[in-house]
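Colleague: What follows is entry-v4.pdb, made up of PDB, C-alpha atoms:
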```pdb
ATOM      1  CA  MET A   1     143.032  85.435  67.251  1.00  0.00           C
ATOM      2  CA  SER A   2     141.883  88.094  64.824  1.00  0.00           C
ATOM      3  CA  ALA A   3     140.905  91.725  65.422  1.00  0.00           C
ATOM      4  CA  ARG A   4     137.186  90.871  65.350  1.00  0.00           C
ATOM      5  CA  PRO A   5     135.348  90.978  68.669  1.00  0.00           C
ATOM      6  CA  PHE A   6     135.910  87.886  70.780  1.00  0.00           C
ATOM      7  CA  LYS A   7     132.797  85.694  70.953  1.00  0.00           C
ATOM      8  CA  VAL A   8     131.985  84.498  74.475  1.00  0.00           C
ATOM      9  CA  LEU A   9     129.300  82.022  75.556  1.00  0.00           C
ATOM     10  CA  PHE A  10     128.157  81.859  79.186  1.00  0.00           C
ATOM     11  CA  LEU A  11     126.542  78.554  80.151  1.00  0.00           C
ATOM     12  CA  CYS A  12     124.268  77.565  82.961  1.00  0.00           C
ATOM     13  CA  THR A  13     121.760  74.769  83.261  1.00  0.00           C
ATOM     14  CA  GLY A  14     118.570  76.842  83.023  1.00  0.00           C
ATOM     15  CA  ASN A  15     119.841  79.968  81.208  1.00  0.00           C
ATOM     16  CA  SER A  16     117.472  82.072  83.284  1.00  0.00           C
ATOM     17  CA  ALA A  17     119.618  84.171  85.644  1.00  0.00           C
ATOM     18  CA  ARG A  18     123.436  83.944  85.991  1.00  0.00           C
ATOM     19  CA  SER A  19     124.294  83.296  82.359  1.00  0.00           C
ATOM     20  CA  ILE A  20     121.829  85.989  81.234  1.00  0.00           C
ATOM     21  CA  MET A  21     123.365  88.511  83.648  1.00  0.00           C
ATOM     22  CA  ALA A  22     126.878  87.589  82.466  1.00  0.00           C
ATOM     23  CA  GLU A  23     125.841  88.087  78.834  1.00  0.00           C
ATOM     24  CA  ALA A  24     124.438  91.525  79.687  1.00  0.00           C
ATOM     25  CA  ILE A  25     127.486  92.597  81.688  1.00  0.00           C
ATOM     26  CA  LEU A  26     130.070  91.597  79.086  1.00  0.00           C
ATOM     27  CA  ASN A  27     128.128  93.069  76.177  1.00  0.00           C
ATOM     28  CA  LYS A  28     128.006  96.406  78.020  1.00  0.00           C
ATOM     29  CA  LEU A  29     131.467  96.374  79.601  1.00  0.00           C
ATOM     30  CA  GLY A  30     133.276  94.882  76.614  1.00  0.00           C
ATOM     31  CA  ALA A  31     131.376  96.574  73.803  1.00  0.00           C
ATOM     32  CA  GLY A  32     133.490  96.457  70.648  1.00  0.00           C
ATOM     33  CA  LYS A  33     136.014  94.011  72.107  1.00  0.00           C
ATOM     34  CA  PHE A  34     133.568  91.207  72.990  1.00  0.00           C
ATOM     35  CA  ARG A  35     130.234  89.823  71.858  1.00  0.00           C
ATOM     36  CA  ALA A  36     128.613  87.743  74.586  1.00  0.00           C
ATOM     37  CA  TYR A  37     125.884  85.117  74.392  1.00  0.00           C
ATOM     38  CA  SER A  38     124.257  82.820  76.935  1.00  0.00           C
ATOM     39  CA  ALA A  39     122.608  79.419  76.838  1.00  0.00           C
ATOM     40  CA  GLY A  40     121.643  76.468  78.984  1.00  0.00           C
ATOM     41  CA  SER A  41     121.823  72.690  78.863  1.00  0.00           C
ATOM     42  CA  GLN A  42     118.192  72.495  80.035  1.00  0.00           C
ATOM     43  CA  PRO A  43     116.801  75.988  79.431  1.00  0.00           C
ATOM     44  CA  LYS A  44     113.882  77.087  81.582  1.00  0.00           C
ATOM     45  CA  GLY A  45     112.205  78.760  78.623  1.00  0.00           C
ATOM     46  CA  ARG A  46     111.973  82.117  80.387  1.00  0.00           C
ATOM     47  CA  VAL A  47     114.327  84.556  82.052  1.00  0.00           C
ATOM     48  CA  ASN A  48     113.952  84.763  85.822  1.00  0.00           C
ATOM     49  CA  PRO A  49     111.903  87.916  86.645  1.00  0.00           C
ATOM     50  CA  PRO A  50     114.217  89.164  89.450  1.00  0.00           C
ATOM     51  CA  ALA A  51     117.165  88.930  87.001  1.00  0.00           C
ATOM     52  CA  ILE A  52     115.283  91.071  84.485  1.00  0.00           C
ATOM     53  CA  GLN A  53     114.224  93.540  87.207  1.00  0.00           C
ATOM     54  CA  LEU A  54     117.812  93.918  88.431  1.00  0.00           C
ATOM     55  CA  LEU A  55     119.235  94.391  84.939  1.00  0.00           C
ATOM     56  CA  GLN A  56     116.561  96.962  84.076  1.00  0.00           C
ATOM     57  CA  SER A  57     117.217  98.852  87.312  1.00  0.00           C
ATOM     58  CA  LEU A  58     120.881  99.061  86.283  1.00  0.00           C
ATOM     59  CA  GLY A  59     120.044 100.471  82.858  1.00  0.00           C
ATOM     60  CA  TYR A  60     120.309  97.356  80.695  1.00  0.00           C
ATOM     61  CA  ASP A  61     117.994  96.854  77.740  1.00  0.00           C
ATOM     62  CA  THR A  62     116.510  93.427  78.473  1.00  0.00           C
ATOM     63  CA  SER A  63     114.208  93.164  75.458  1.00  0.00           C
ATOM     64  CA  GLY A  64     116.449  90.697  73.593  1.00  0.00           C
ATOM     65  CA  PHE A  65     117.080  88.245  76.408  1.00  0.00           C
ATOM     66  CA  ARG A  66     115.585  84.778  76.211  1.00  0.00           C
ATOM     67  CA  SER A  67     116.308  81.392  77.725  1.00  0.00           C
ATOM     68  CA  LYS A  68     117.770  79.125  75.021  1.00  0.00           C
ATOM     69  CA  SER A  69     119.549  75.816  74.536  1.00  0.00           C
ATOM     70  CA  TRP A  70     123.260  75.504  74.056  1.00  0.00           C
ATOM     71  CA  SER A  71     122.461  73.421  70.960  1.00  0.00           C
ATOM     72  CA  GLU A  72     121.821  76.723  69.124  1.00  0.00           C
ATOM     73  CA  PHE A  73     125.566  77.321  69.289  1.00  0.00           C
ATOM     74  CA  THR A  74     126.534  73.992  67.733  1.00  0.00           C
ATOM     75  CA  LYS A  75     124.515  74.387  64.546  1.00  0.00           C
ATOM     76  CA  PRO A  76     125.831  75.552  61.174  1.00  0.00           C
ATOM     77  CA  GLY A  77     125.877  79.335  61.066  1.00  0.00           C
ATOM     78  CA  ALA A  78     126.314  79.686  64.819  1.00  0.00           C
ATOM     79  CA  PRO A  79     128.925  82.203  66.002  1.00  0.00           C
ATOM     80  CA  ALA A  80     132.492  80.879  66.111  1.00  0.00           C
ATOM     81  CA  LEU A  81     133.188  80.969  69.848  1.00  0.00           C
ATOM     82  CA  ASP A  82     136.503  82.041  71.361  1.00  0.00           C
ATOM     83  CA  PHE A  83     135.561  81.414  75.007  1.00  0.00           C
ATOM     84  CA  VAL A  84     132.964  79.314  76.847  1.00  0.00           C
ATOM     85  CA  PHE A  85     132.442  79.891  80.576  1.00  0.00           C
ATOM     86  CA  THR A  86     130.199  77.848  82.844  1.00  0.00           C
ATOM     87  CA  VAL A  87     128.729  79.913  85.677  1.00  0.00           C
ATOM     88  CA  CYS A  88     126.951  77.118  87.547  1.00  0.00           C
ATOM     89  CA  ASP A  89     128.270  73.870  88.933  1.00  0.00           C
ATOM     90  CA  ASN A  90     125.653  71.702  87.218  1.00  0.00           C
ATOM     91  CA  ALA A  91     126.664  72.924  83.766  1.00  0.00           C
ATOM     92  CA  ALA A  92     130.349  72.511  84.656  1.00  0.00           C
ATOM     93  CA  GLY A  93     129.744  68.853  85.462  1.00  0.00           C
ATOM     94  CA  GLU A  94     127.778  68.087  82.307  1.00  0.00           C
ATOM     95  CA  ILE A  95     129.184  66.773  79.083  1.00  0.00           C
ATOM     96  CA  CYS A  96     129.259  69.864  76.904  1.00  0.00           C
ATOM     97  CA  PRO A  97     128.823  69.783  73.161  1.00  0.00           C
ATOM     98  CA  VAL A  98     131.875  69.916  70.963  1.00  0.00           C
ATOM     99  CA  TRP A  99     132.225  73.587  70.149  1.00  0.00           C
ATOM    100  CA  PRO A 100     133.458  74.362  66.640  1.00  0.00           C
ATOM    101  CA  GLY A 101     136.866  76.003  66.737  1.00  0.00           C
ATOM    102  CA  GLN A 102     137.734  74.603  70.181  1.00  0.00           C
ATOM    103  CA  PRO A 103     137.197  77.735  72.297  1.00  0.00           C
ATOM    104  CA  MET A 104     139.024  78.210  75.574  1.00  0.00           C
ATOM    105  CA  THR A 105     136.901  77.185  78.552  1.00  0.00           C
ATOM    106  CA  ALA A 106     136.778  77.907  82.275  1.00  0.00           C
ATOM    107  CA  HIS A 107     134.395  77.429  85.166  1.00  0.00           C
ATOM    108  CA  TRP A 108     133.317  80.569  87.025  1.00  0.00           C
ATOM    109  CA  GLY A 109     130.832  79.075  89.502  1.00  0.00           C
ATOM    110  CA  ILE A 110     128.457  81.533  91.146  1.00  0.00           C
ATOM    111  CA  PRO A 111     125.773  80.627  93.728  1.00  0.00           C
ATOM    112  CA  ASP A 112     122.344  80.382  92.095  1.00  0.00           C
ATOM    113  CA  PRO A 113     120.229  83.399  93.072  1.00  0.00           C
ATOM    114  CA  ALA A 114     117.131  81.664  91.675  1.00  0.00           C
ATOM    115  CA  GLU A 115     117.333  79.254  94.619  1.00  0.00           C
ATOM    116  CA  ALA A 116     117.199  82.087  97.161  1.00  0.00           C
ATOM    117  CA  LYS A 117     114.438  81.822  99.738  1.00  0.00           C
ATOM    118  CA  GLY A 118     112.960  84.456 101.969  1.00  0.00           C
ATOM    119  CA  SER A 119     111.457  87.880 101.591  1.00  0.00           C
ATOM    120  CA  PRO A 120     111.484  89.740  98.268  1.00  0.00           C
ATOM    121  CA  ALA A 121     114.337  91.851  99.675  1.00  0.00           C
ATOM    122  CA  GLU A 122     116.382  88.726 100.516  1.00  0.00           C
ATOM    123  CA  VAL A 123     115.800  87.290  97.046  1.00  0.00           C
ATOM    124  CA  ALA A 124     116.761  90.627  95.460  1.00  0.00           C
ATOM    125  CA  LEU A 125     119.953  90.641  97.537  1.00  0.00           C
ATOM    126  CA  ALA A 126     120.888  87.175  96.230  1.00  0.00           C
ATOM    127  CA  PHE A 127     120.531  88.459  92.668  1.00  0.00           C
ATOM    128  CA  LYS A 128     122.587  91.564  93.485  1.00  0.00           C
ATOM    129  CA  ASP A 129     125.329  89.377  94.994  1.00  0.00           C
ATOM    130  CA  ALA A 130     125.429  87.139  91.906  1.00  0.00           C
ATOM    131  CA  TYR A 131     125.523  90.212  89.669  1.00  0.00           C
ATOM    132  CA  ARG A 132     128.386  91.709  91.719  1.00  0.00           C
ATOM    133  CA  MET A 133     130.464  88.519  91.545  1.00  0.00           C
ATOM    134  CA  LEU A 134     129.887  88.152  87.815  1.00  0.00           C
ATOM    135  CA  SER A 135     130.653  91.808  87.220  1.00  0.00           C
ATOM    136  CA  GLN A 136     133.958  91.585  89.108  1.00  0.00           C
ATOM    137  CA  ARG A 137     135.081  88.493  87.196  1.00  0.00           C
ATOM    138  CA  ILE A 138     134.003  89.857  83.848  1.00  0.00           C
ATOM    139  CA  ALA A 139     135.819  93.154  84.503  1.00  0.00           C
ATOM    140  CA  VAL A 140     139.048  91.235  85.176  1.00  0.00           C
ATOM    141  CA  PHE A 141     138.500  89.129  82.041  1.00  0.00           C
ATOM    142  CA  ALA A 142     137.716  92.160  79.854  1.00  0.00           C
ATOM    143  CA  ALA A 143     140.904  93.876  81.038  1.00  0.00           C
ATOM    144  CA  LEU A 144     143.183  90.952  80.101  1.00  0.00           C
ATOM    145  CA  PRO A 145     145.598  91.604  77.246  1.00  0.00           C
ATOM    146  CA  ILE A 146     144.122  88.593  75.441  1.00  0.00           C
ATOM    147  CA  ARG A 147     145.804  89.141  72.091  1.00  0.00           C
ATOM    148  CA  SER A 148     149.272  89.324  73.701  1.00  0.00           C
ATOM    149  CA  LEU A 149     148.991  86.246  75.962  1.00  0.00           C
ATOM    150  CA  ASP A 150     149.992  82.779  74.870  1.00  0.00           C
ATOM    151  CA  GLN A 151     147.304  80.107  75.214  1.00  0.00           C
ATOM    152  CA  LEU A 152     148.693  78.489  78.351  1.00  0.00           C
ATOM    153  CA  SER A 153     149.020  81.825  80.171  1.00  0.00           C
ATOM    154  CA  LEU A 154     145.541  82.844  79.104  1.00  0.00           C
ATOM    155  CA  GLN A 155     144.012  79.528  80.231  1.00  0.00           C
ATOM    156  CA  LYS A 156     145.721  79.924  83.616  1.00  0.00           C
ATOM    157  CA  ARG A 157     144.317  83.450  84.023  1.00  0.00           C
ATOM    158  CA  LEU A 158     140.797  82.285  83.083  1.00  0.00           C
ATOM    159  CA  ALA A 159     140.952  79.566  85.750  1.00  0.00           C
ATOM    160  CA  GLU A 160     142.210  82.084  88.333  1.00  0.00           C
ATOM    161  CA  ILE A 161     139.227  84.331  87.630  1.00  0.00           C
ATOM    162  CA  GLY A 162     136.953  81.393  88.433  1.00  0.00           C
ATOM    163  CA  ARG A 163     138.550  80.991  91.858  1.00  0.00           C
ATOM    164  CA  LYS A 164     137.792  84.561  92.974  1.00  0.00           C
ATOM    165  CA  GLN A 165     135.765  85.264  96.117  1.00  0.00           C
ATOM    166  CA  GLY A 166     132.326  83.673  96.102  1.00  0.00           C
ATOM    167  CA  ALA A 167     133.283  80.808  93.824  1.00  0.00           C
ATOM    168  CA  THR A 168     131.309  77.618  94.194  1.00  0.00           C
ATOM    169  CA  GLY A 169     132.899  74.207  94.624  1.00  0.00           C
ATOM    170  CA  LYS A 170     133.462  72.509  91.297  1.00  0.00           C
ATOM    171  CA  VAL A 171     136.345  73.463  89.083  1.00  0.00           C
ATOM    172  CA  ALA A 172     136.231  72.326  85.486  1.00  0.00           C
ATOM    173  CA  GLN A 173     139.465  71.211  83.958  1.00  0.00           C
ATOM    174  CA  PRO A 174     140.751  73.174  80.946  1.00  0.00           C
ATOM    175  CA  SER A 175     139.953  71.617  77.600  1.00  0.00           C
TER
END
```
Let me see whether you can do it: turn the structure in this file into structure tokens.
Modeller:
Amino acid sequence: MSARPFKVLFLCTGNSARSIMAEAILNKLGAGKFRAYSAGSQPKGRVNPPAIQLLQSLGYDTSGFRSKSWSEFTKPGAPALDFVFTVCDNAAGEICPVWPGQPMTAHWGIPDPAEAKGSPAEVALAFKDAYRMLSQRIAVFAALPIRSLDQLSLQKRLAEIGRKQGATGKVAQPS
């Protein structure tokens, strides 16, 4: 892999909360080393308002976030991806497009905060929990000595990150 920033795509079904938060976290935490994107298999067409509120409260610029289809990343001129991570079980179980360049993949399932019920405080807590889990996993990923690991070792580490506390059930097999 070259010295250019690693290109990372986070996938979820709706691309409205978890994948958007993951994109924000990695772009901030891994600035210069990574360039993150997000997409969905069935995008909602809008970013979930509590996700935007949380990111803004944490100092993220949310003006560029939008819910978009993963098909944008299969077209000519799309970024050449190095890594693709699913952050919801539905996306992990779907047949993904063939990504040019055969990026490394892993499943990092996180409970969907958009399905949280209850008071506004309870819903906000679900989003904070999802953010915390994503942030922990992304920090471990960003700290990996990616350029010095062989592919098998790196794939094993990516899968281990997906099994951290709070992981949801499905585990995608490495491609």
Colleague: Of the candidates A:Pro49, A:Gly40, A:Gly118, A:Pro111, which one gets nearest to Leu9 of chain A if we count all atoms listed in the file?
Modeller: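 Comparing A:Pro49, A:Gly40, A:Gly118, A:Pro111 against Leu9 of chain A, the winner is A:Gly40.
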Colleague: Suppose you want the space between atom CA of Asp82 of chain A and atom CA of Ile146 of chain A; what is it in Å?
Modeller: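 Rounded to one decimal, the two atoms are 10.8 Å apart.
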Colleague: Can you list, as a ChimeraX atom specification, the residues that the PyMOL selection byres ((chain A and resi 103) around 6) selects here?
Modeller: /A:81-83,101-102,104
Colleague: Mind writing the picked residues with C-alpha atoms as a short mmCIF file (atom, residue, chain, number, x, y, z; two decimals), keeping the file's coordinate frame?
Modeller:
```cif
data_model
loop_
_atom_site.label_atom_id
_atom_site.label_comp_id
_atom_site.auth_asym_id
_atom_site.auth_seq_id
_atom_site.Cartn_x
_atom_site.Cartn_y
_atom_site.Cartn_z
CA LEU A 81 133.19 80.97 69.85
CA ASP A 82 136.50 82.04 71.36
CA PHE A 83 135.56 81.41 75.01
CA GLY A 101 136.87 76.00 66.74
CA GLN A 102 137.73 74.60 70.18
CA MET A 104 139.02 78.21 75.57
#
```
Colleague: Can I get the residues of segment 50-149 of chain A within 10 Å of segment 18-34 of chain A, each with the closest pair of atoms and their distance in Å to one decimal, using only C-alpha atoms, sorted chain first then ascending number, as a Markdown table?
Modeller:
```
| residue | atom | partner | partner_atom | distance |
| --- | --- | --- | --- | --- |
| A:Ala51 | CA | A:Met21 | CA | 7.1 |
| A:Ile52 | CA | A:Met21 | CA | 8.5 |
| A:Leu54 | CA | A:Met21 | CA | 9.1 |
| A:Leu55 | CA | A:Met21 | CA | 7.3 |
| A:Tyr60 | CA | A:Ala24 | CA | 7.2 |
| A:Asp61 | CA | A:Ala24 | CA | 8.6 |
| A:Thr62 | CA | A:Ala24 | CA | 8.2 |
| A:Phe65 | CA | A:Ile20 | CA | 7.1 |
| A:Arg66 | CA | A:Ile20 | CA | 8.1 |
| A:Ser67 | CA | A:Ile20 | CA | 8.0 |
| A:Asp82 | CA | A:Phe34 | CA | 9.8 |
| A:Phe85 | CA | A:Ser19 | CA | 9.0 |
| A:Thr86 | CA | A:Ser19 | CA | 8.0 |
| A:Val87 | CA | A:Ser19 | CA | 6.5 |
| A:Cys88 | CA | A:Arg18 | CA | 7.8 |
| A:Gly109 | CA | A:Arg18 | CA | 9.5 |
| A:Ile110 | CA | A:Arg18 | CA | 7.6 |
| A:Pro111 | CA | A:Arg18 | CA | 8.7 |
| A:Asp112 | CA | A:Arg18 | CA | 7.2 |
| A:Pro113 | CA | A:Arg18 | CA | 7.8 |
| A:Ala114 | CA | A:Arg18 | CA | 8.8 |
| A:Phe127 | CA | A:Arg18 | CA | 8.6 |
| A:Ala130 | CA | A:Arg18 | CA | 7.0 |
| A:Tyr131 | CA | A:Met21 | CA | 6.6 |
| A:Met133 | CA | A:Ala22 | CA | 9.8 |
| A:Leu134 | CA | A:Ala22 | CA | 6.2 |
| A:Ser135 | CA | A:Ile25 | CA | 6.4 |
| A:Gln136 | CA | A:Ile25 | CA | 9.9 |
| A:Arg137 | CA | A:Ala22 | CA | 9.5 |
| A:Ile138 | CA | A:Leu26 | CA | 6.4 |
| A:Ala139 | CA | A:Leu29 | CA | 7.3 |
| A:Phe141 | CA | A:Leu26 | CA | 9.3 |
| A:Ala142 | CA | A:Gly30 | CA | 6.1 |
| A:Ala143 | CA | A:Gly30 | CA | 8.9 |
```
Colleague: To one decimal place, how far is atom CA of Arg163 of chain A from atom CA of Arg46 of chain A in Å?
Modeller: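 Going from atom CA of Arg163 of chain A over to atom CA of Arg46 of chain A covers 29.0 Å.
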Colleague: Interatomic distance between atom CA of Gly59 of chain A and atom CA of Ala3 of chain A?
Modeller: 28.6 Å
Colleague: Let me make sure I understand: among A:Lys117, A:Pro79, A:Val140, A:Gln42, which one has the smallest atom-to-atom distance to Lys7 of chain A if we use only C-alpha atoms?
Modeller: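 Using only C-alpha atoms, Lys7 of chain A sits closest to A:Pro79.
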Colleague: Go through A:Pro100, A:Gln155, A:Ser148, A:Pro43 one by one, measure the shortest atom-to-atom distance of each to Gly77 of chain A using only C-alpha atoms, and give the residue with the smallest value.
Modeller: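 Using only C-alpha atoms, the shortest distance to Gly77 of chain A belongs to A:Pro100.
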Colleague: Could you check the closest approach to Val47 of chain A for each of A:Lys75, A:Val123, A:Ser69, A:Asn15 and tell me which residue wins, using all atoms listed in the file?
Modeller: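 Of the candidates, the smallest distance to Val47 of chain A is held by A:Asn15.
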